[in-house]
Each structure stands twice: as structure tokens, then as C-alpha cells.
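The structure appears right after this line, and notes come after that.
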Amino acid sequence: MLACFTVRIVFRLDGKTAVVTGAGSGIGLAISSTFARNGAHVFALDRDLKAASDTVEGIRAAGGTASALECDVALADSVEAAFARIDSDRNASRVDILVNNAGIAHIGTVENTPEEDFDRIYSVNVKGIFLCSRAAVRRMLASGGGVILNLASIASLIGLTDRFAYSMSKGAVLTMTRSIAVDYVKRGIRCNCICPARVHTPFVDGYLRTTYPGREAEMFKQLSDYQPLGRMGTPEEVAALALYLCSDEASFITGQAYPIDGGVLAF
């Protein structure tokens with residue numbers, strides 16, 4: 001006699017509202033598109049409203065639903081205004097998911113990092129997560145819970161050459177993740193982070209053009225070869241992991257850091 005199996009469609013976000021910061025390009029764009037494709041209504045937040053609007057246009061063209069909002073995560077007033085607009089949007093009965101993706105990079109050691117650069121890294125990569133998480137947690141507590149996912153880095157787990165300020169900020173992302181997870185584990189809020197190695201985004205291409213004019217192909221190969229698998233990750237691969245961690249299938253996971261690193265940490 002044949003057994004009967006119930007086929008379950010997994011990793012869906014139907015009926016959920018997801019807020020994604022830094023949604024205008026790269027990993028944020030991929031996460032926004034992936035979440036929308038799997039049923040979420042996405043609020044795409046970015047300091048560049050045109051970039052956020054382009055993300056939303058692509059989502060809608062593919063049959064998803066999304067809204068674009070201008071937001072500088074480093075500014076408390078900007079964050080509060082964005083979340084107030086989410087509150088008043090007819091598509092958002094609650095905030096189910098927050099993805100803290102917005103961030104900036106920096107190259108330098110403790111000796112040659114200007115104070116103003118250090119402060120800017122802190123304001124975006126650390127304070128930005130604080131401000132957005134605070135706004136989301138208040139709303140999640142009022143509606144019965146939710147999920148926060150932070151974009152950290154392998155720099156939060158190992159030392160990277162010439163990444164002093166950046167590593168500082170991503171180390172803070174990791175510890176903020178665990179702190180939120182511990183504080184709200186009994187109140188229905190999960191919090192995890194993803195720790196990528198190098199991911200091929202427009203930022204990488206721009207960095208190579210600016211820093212190594214005429215040597216872009218050579219340096220691209222060098223950056224790719226840093227990962228034992230021999231290539232950089234893709235935004236879509238990070239987005240797939242984000243989808244899982246924000247789905248109900250990951251409901252037993254909180255306070256964890258997930259490397260997606262092409263084997264860097266294994267060698």
C-alpha cells in the first residue's frame with residue numbers, strides 16, 4: 001500500500017511584511033526581490049530614493065508587491081519617519097520582518113583611518129542597525145513577534161587585513177544580534193545574522209574601477225581567489241539564505257551567525 005505524503009511548499013512569506021534597508025542595489029536588491037517573489041510585501045528602504053524605486057519597479061514587473069521609501073539609517077528622524085509611513089500604509093498591518101542590510105565599507109588600519117571615516121562607519125553600520133531595530137522591535141512587540149536579520153560579515157568572526165573600522169562595525173553587528181536574540185527570545189522575536197565573505201556587487205566593480213584602473217580583471221581574480229571555492233558569492237545566494245532564516249521553517253533558530261563564505265573559515 002502506497003504511503004500518502006503531504007507536499008508542503010516551504011520558505012514562503014505569504015501575508016508577511018518585510019522591511020529591507022539598503023534595498024537599492026546589491027544584496028539588498030536581491031533580498032527584496034527574493035522576498036517579494038515568495039509572497040512578502042516589501043518596503044524597500046534606501047538613502048537613494050531613485051534606487052529604491054527601481055527595486056520596487058522590478059518587483060512589481062515580476063508580479064510582486066512593494067513600496068519604496070527614502071531612509072538614511074544613520075539619522076533617527078529619517079528612520080522614525082520611514083517607519084511611520086509604513087504604519088500608515090494600507091499594505092502593512094504589521095512589521096513581520098526587518099532585514100538590516102544597509103552598510104558601507106572602509107579600507108584602512110588603526111593608524112591610517114581618519115576619525116571622520118570611523119564615525120561614518122559607526123553611524124551607518126552600527127547606529128543604523130540600532131535605530132532600525134529599535135523601531136521594528138517596538139512594533140513587533142505590539143503585534144506578537146517577528147524576525148530581525150542583520151548583515152554582518154566574516155570580518156565579525158576573523159581578522160581581515162586593512163579593515164579596522166569595518167571589522168569594528170561588523171563585530172558590533174554580531175553582538176547586537178545576540179543581544180536582541182537574548183532579550184526577546186521569550187517575546188516572539190528572533191534575531192540572526194549572515195556573515196558573507198566577498199560578494200560580487202556593484203560596489204566591488206566600482207571599487208576596482210576607482211582603485212585599480214586598467215587592472216580590474218587582474219584584481220577581480222585576486223579578490224575571487226581569496227575564497228577557497230575560487231569565486232565571490234552572489235547577492236542571490238545571500239538572499240536565499242536570508243529567505244530561509246526569515247521563514248517559518250527557521251522558527252527554531254535565533255542568536256546565530258551564518259557564514260556564507262566560499263570556504264574561507266574552513267581553511
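In the C-alpha cells, chains take the letters A, B, ... in the order shown, each chain's residues start at 1, and ligands count up from 1 in the order shown.
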
- Mind the document's chain letters and residue numbers, and return as a PyMOL selection string the residues of range 60-241 of chain A that DSSP labels strand (DSSP E or B). chain A and resi 65-70+97-100+108+146-151+163+189-196+199+233

Kindly save the residues from that selection, with C-alpha atoms included, as a short mmCIF file (atom, residue, chain, number, x, y, z; two decimals), in the first residue's frame.
```cif
data_model
loop_
_atom_site.label_atom_id
_atom_site.label_comp_id
_atom_site.auth_asym_id
_atom_site.auth_seq_id
_atom_site.Cartn_x
_atom_site.Cartn_y
_atom_site.Cartn_z
CA THR A 65 4.16 43.94 -4.30
CA ALA A 66 6.49 46.53 -2.80
CA SER A 67 6.82 50.16 -1.75
CA ALA A 68 9.86 52.44 -1.90
CA LEU A 69 10.83 54.73 0.95
CA GLU A 70 13.71 57.14 1.32
CA ILE A 97 10.50 41.05 9.14
CA LEU A 98 13.32 43.57 9.29
CA VAL A 99 16.48 43.00 7.27
CA ASN A 100 19.24 45.37 8.36
CA GLY A 108 42.47 51.07 6.46
CA GLY A 146 8.72 38.98 14.24
CA VAL A 147 12.14 38.33 12.76
CA ILE A 148 15.21 40.56 12.53
CA LEU A 149 18.06 39.59 10.22
CA ASN A 150 21.32 41.55 10.23
CA LEU A 151 24.03 41.57 7.57
CA ARG A 163 39.66 46.52 7.59
CA ILE A 189 11.19 37.94 18.24
CA ARG A 190 14.02 36.01 16.59
CA CYS A 191 17.27 37.66 15.54
CA ASN A 192 20.12 36.20 13.47
CA CYS A 193 22.86 37.48 11.22
CA ILE A 194 24.53 36.44 7.99
CA CYS A 195 28.32 36.66 7.64
CA PRO A 196 29.33 36.76 3.97
CA VAL A 199 30.09 39.09 -2.67
CA GLY A 233 29.45 34.88 -3.73
#
```

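Near Gly159 in chain A, within a cut-off of 12 Å and counting only C-alpha atoms, sit the residues Thr109, Ser153, Ile154, Ala155, Ser156, Leu157, Thr161, Asp162, Arg163, Phe164, Ala165, Tyr166, Ser167, Met168, Lys170, Gly171, Val264 and Leu265 of chain A, with same-chain residues fewer than 2 positions away left out.
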
Pull N, CA and C atoms from the residues just selected and write them as a tab-separated table (two decimals), in the first residue's frame.
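The resulting file, result-v4.tsv, is shown below:
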```
chain	number	residue	atom	x	y	z
A	109	THR	N	43.96	50.69	8.31
A	109	THR	CA	44.38	50.18	9.60
A	109	THR	C	44.03	51.19	10.69
A	153	SER	N	29.41	40.03	8.61
A	153	SER	CA	30.49	39.74	7.68
A	153	SER	C	31.41	38.71	8.31
A	154	ILE	N	32.20	38.04	7.49
A	154	ILE	CA	33.23	37.19	8.09
A	154	ILE	C	34.21	38.04	8.91
A	155	ALA	N	34.21	39.36	8.66
A	155	ALA	CA	35.06	40.27	9.45
A	155	ALA	C	34.63	40.31	10.91
A	156	SER	N	33.43	39.86	11.21
A	156	SER	CA	32.98	39.79	12.61
A	156	SER	C	33.46	38.51	13.28
A	157	LEU	N	34.04	37.60	12.51
A	157	LEU	CA	34.46	36.29	13.03
A	157	LEU	C	35.97	36.08	12.97
A	161	THR	N	42.85	41.90	6.92
A	161	THR	CA	43.85	42.93	6.73
A	161	THR	C	43.23	44.23	6.24
A	162	ASP	N	43.65	45.36	6.81
A	162	ASP	CA	43.23	46.69	6.36
A	162	ASP	C	41.72	46.90	6.44
A	163	ARG	N	41.10	46.34	7.43
A	163	ARG	CA	39.66	46.52	7.59
A	163	ARG	C	39.33	46.89	9.04
A	164	PHE	N	40.12	47.76	9.63
A	164	PHE	CA	39.97	48.06	11.06
A	164	PHE	C	38.58	48.58	11.41
A	165	ALA	N	38.16	49.69	10.82
A	165	ALA	CA	36.87	50.29	11.16
A	165	ALA	C	35.71	49.41	10.71
A	166	TYR	N	35.85	48.83	9.54
A	166	TYR	CA	34.79	47.95	9.03
A	166	TYR	C	34.61	46.74	9.95
A	167	SER	N	35.73	46.13	10.35
A	167	SER	CA	35.64	44.97	11.25
A	167	SER	C	35.04	45.35	12.59
A	168	MET	N	35.40	46.52	13.10
A	168	MET	CA	34.78	47.01	14.33
A	168	MET	C	33.27	47.04	14.21
A	170	LYS	N	31.27	45.46	12.07
A	170	LYS	CA	30.61	44.17	11.87
A	170	LYS	C	30.71	43.29	13.12
A	171	GLY	N	31.75	43.49	13.92
A	171	GLY	CA	31.78	42.82	15.23
A	171	GLY	C	30.62	43.29	16.10
A	264	VAL	N	36.11	30.06	3.32
A	264	VAL	CA	37.16	30.84	3.98
A	264	VAL	C	37.40	30.37	5.41
A	265	LEU	N	36.37	30.16	6.16
A	265	LEU	CA	36.53	29.83	7.58
A	265	LEU	C	36.97	28.38	7.81
```

Please, which residues in range 27-76 of chain A fall within 9 Å of range 125-134 of chain A when counting only C-alpha atoms, and what is the closest atom pair and distance in Å to one decimal for each, ordered by chain then residue number, as CSV?
```
residue,atom,partner,partner_atom,distance
A:Asp72,CA,A:Gly128,CA,8.2
A:Val73,CA,A:Gly128,CA,4.5
A:Ala74,CA,A:Gly128,CA,4.7
A:Leu75,CA,A:Gly128,CA,7.5
A:Ala76,CA,A:Leu131,CA,6.3
```

Residues as selected, N, CA and C atoms, written as a PDB file, in the first residue's frame, can you do that?
```pdb
ATOM      1  N   ASP A  72      17.650  57.369   5.495  1.00  0.00           N
ATOM      2  CA  ASP A  72      19.055  57.347   5.890  1.00  0.00           C
ATOM      3  C   ASP A  72      19.112  56.702   7.267  1.00  0.00           C
ATOM      4  N   VAL A  73      19.591  55.473   7.338  1.00  0.00           N
ATOM      5  CA  VAL A  73      19.523  54.714   8.585  1.00  0.00           C
ATOM      6  C   VAL A  73      20.371  55.323   9.692  1.00  0.00           C
ATOM      7  N   ALA A  74      21.289  56.219   9.349  1.00  0.00           N
ATOM      8  CA  ALA A  74      22.147  56.848  10.352  1.00  0.00           C
ATOM      9  C   ALA A  74      21.460  57.997  11.083  1.00  0.00           C
ATOM     10  N   LEU A  75      20.284  58.392  10.613  1.00  0.00           N
ATOM     11  CA  LEU A  75      19.575  59.539  11.185  1.00  0.00           C
ATOM     12  C   LEU A  75      18.281  59.086  11.841  1.00  0.00           C
ATOM     13  N   ALA A  76      18.148  59.355  13.130  1.00  0.00           N
ATOM     14  CA  ALA A  76      16.975  58.897  13.887  1.00  0.00           C
ATOM     15  C   ALA A  76      15.680  59.437  13.297  1.00  0.00           C
TER      16      ALA A  76
END
```

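Contact shell of Gln227 in chain A at 9 Å (only C-alpha atoms; same-chain neighbours under 6 positions omitted): Ala197, Arg198, Gly233, Asp261, Gly262, Gly263 and Val264 of chain A.
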
Contacts of Val10 in chain A at 10 Å (only C-alpha atoms; same-chain gap of 5+ positions) as a CSV table (one decimal) with N, CA, C and O atoms, in the first residue's frame:
```
chain,number,residue,atom,x,y,z
A,38,ASN,N,8.5,35.4,-3.1
A,38,ASN,CA,8.0,34.4,-2.2
A,38,ASN,C,6.9,34.9,-1.3
A,38,ASN,O,6.7,34.3,-0.2
A,244,TYR,N,15.4,31.8,3.9
A,244,TYR,CA,15.3,30.7,4.9
A,244,TYR,C,15.2,31.2,6.3
A,244,TYR,O,14.3,30.8,7.1
A,247,SER,N,12.0,32.8,7.3
A,247,SER,CA,10.8,32.0,7.1
A,247,SER,C,10.4,31.2,8.3
A,247,SER,O,11.2,31.1,9.3
A,248,ASP,N,9.2,30.7,8.3
A,248,ASP,CA,8.7,29.9,9.5
A,248,ASP,C,9.5,28.6,9.7
A,248,ASP,O,9.6,28.1,10.8
A,249,GLU,N,10.1,28.1,8.6
A,249,GLU,CA,10.9,26.9,8.7
A,249,GLU,C,12.2,27.1,9.6
A,249,GLU,O,12.7,26.1,10.1
```

Where does range 76-194 of chain A meet range 40-59 of chain A within 8 Å, residue by residue, with the nearest atom pair and distance in Å to one decimal for each, counting only C-alpha atoms, listed by chain and rising number, as JSON lines?
```
{"residue": "A:Ile86", "atom": "CA", "partner": "A:Phe43", "partner_atom": "CA", "distance": 7.7}
{"residue": "A:Asn91", "atom": "CA", "partner": "A:His41", "partner_atom": "CA", "distance": 7.3}
{"residue": "A:Ala92", "atom": "CA", "partner": "A:His41", "partner_atom": "CA", "distance": 7.9}
{"residue": "A:Ala102", "atom": "CA", "partner": "A:Asp46", "partner_atom": "CA", "distance": 7.7}
```

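For the choices A:Pro235, A:Glu80, A:Ala250, A:Leu229, the atom-to-atom distance to Phe267 in chain A is smallest for A:Leu229 when using only C-alpha atoms.
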
- Item | CA of Ile121 in chain A to CA of Val173 in chain A, distance in Å rounded to a single decimal |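 Between these atoms lies a distance of 12.0 Å.
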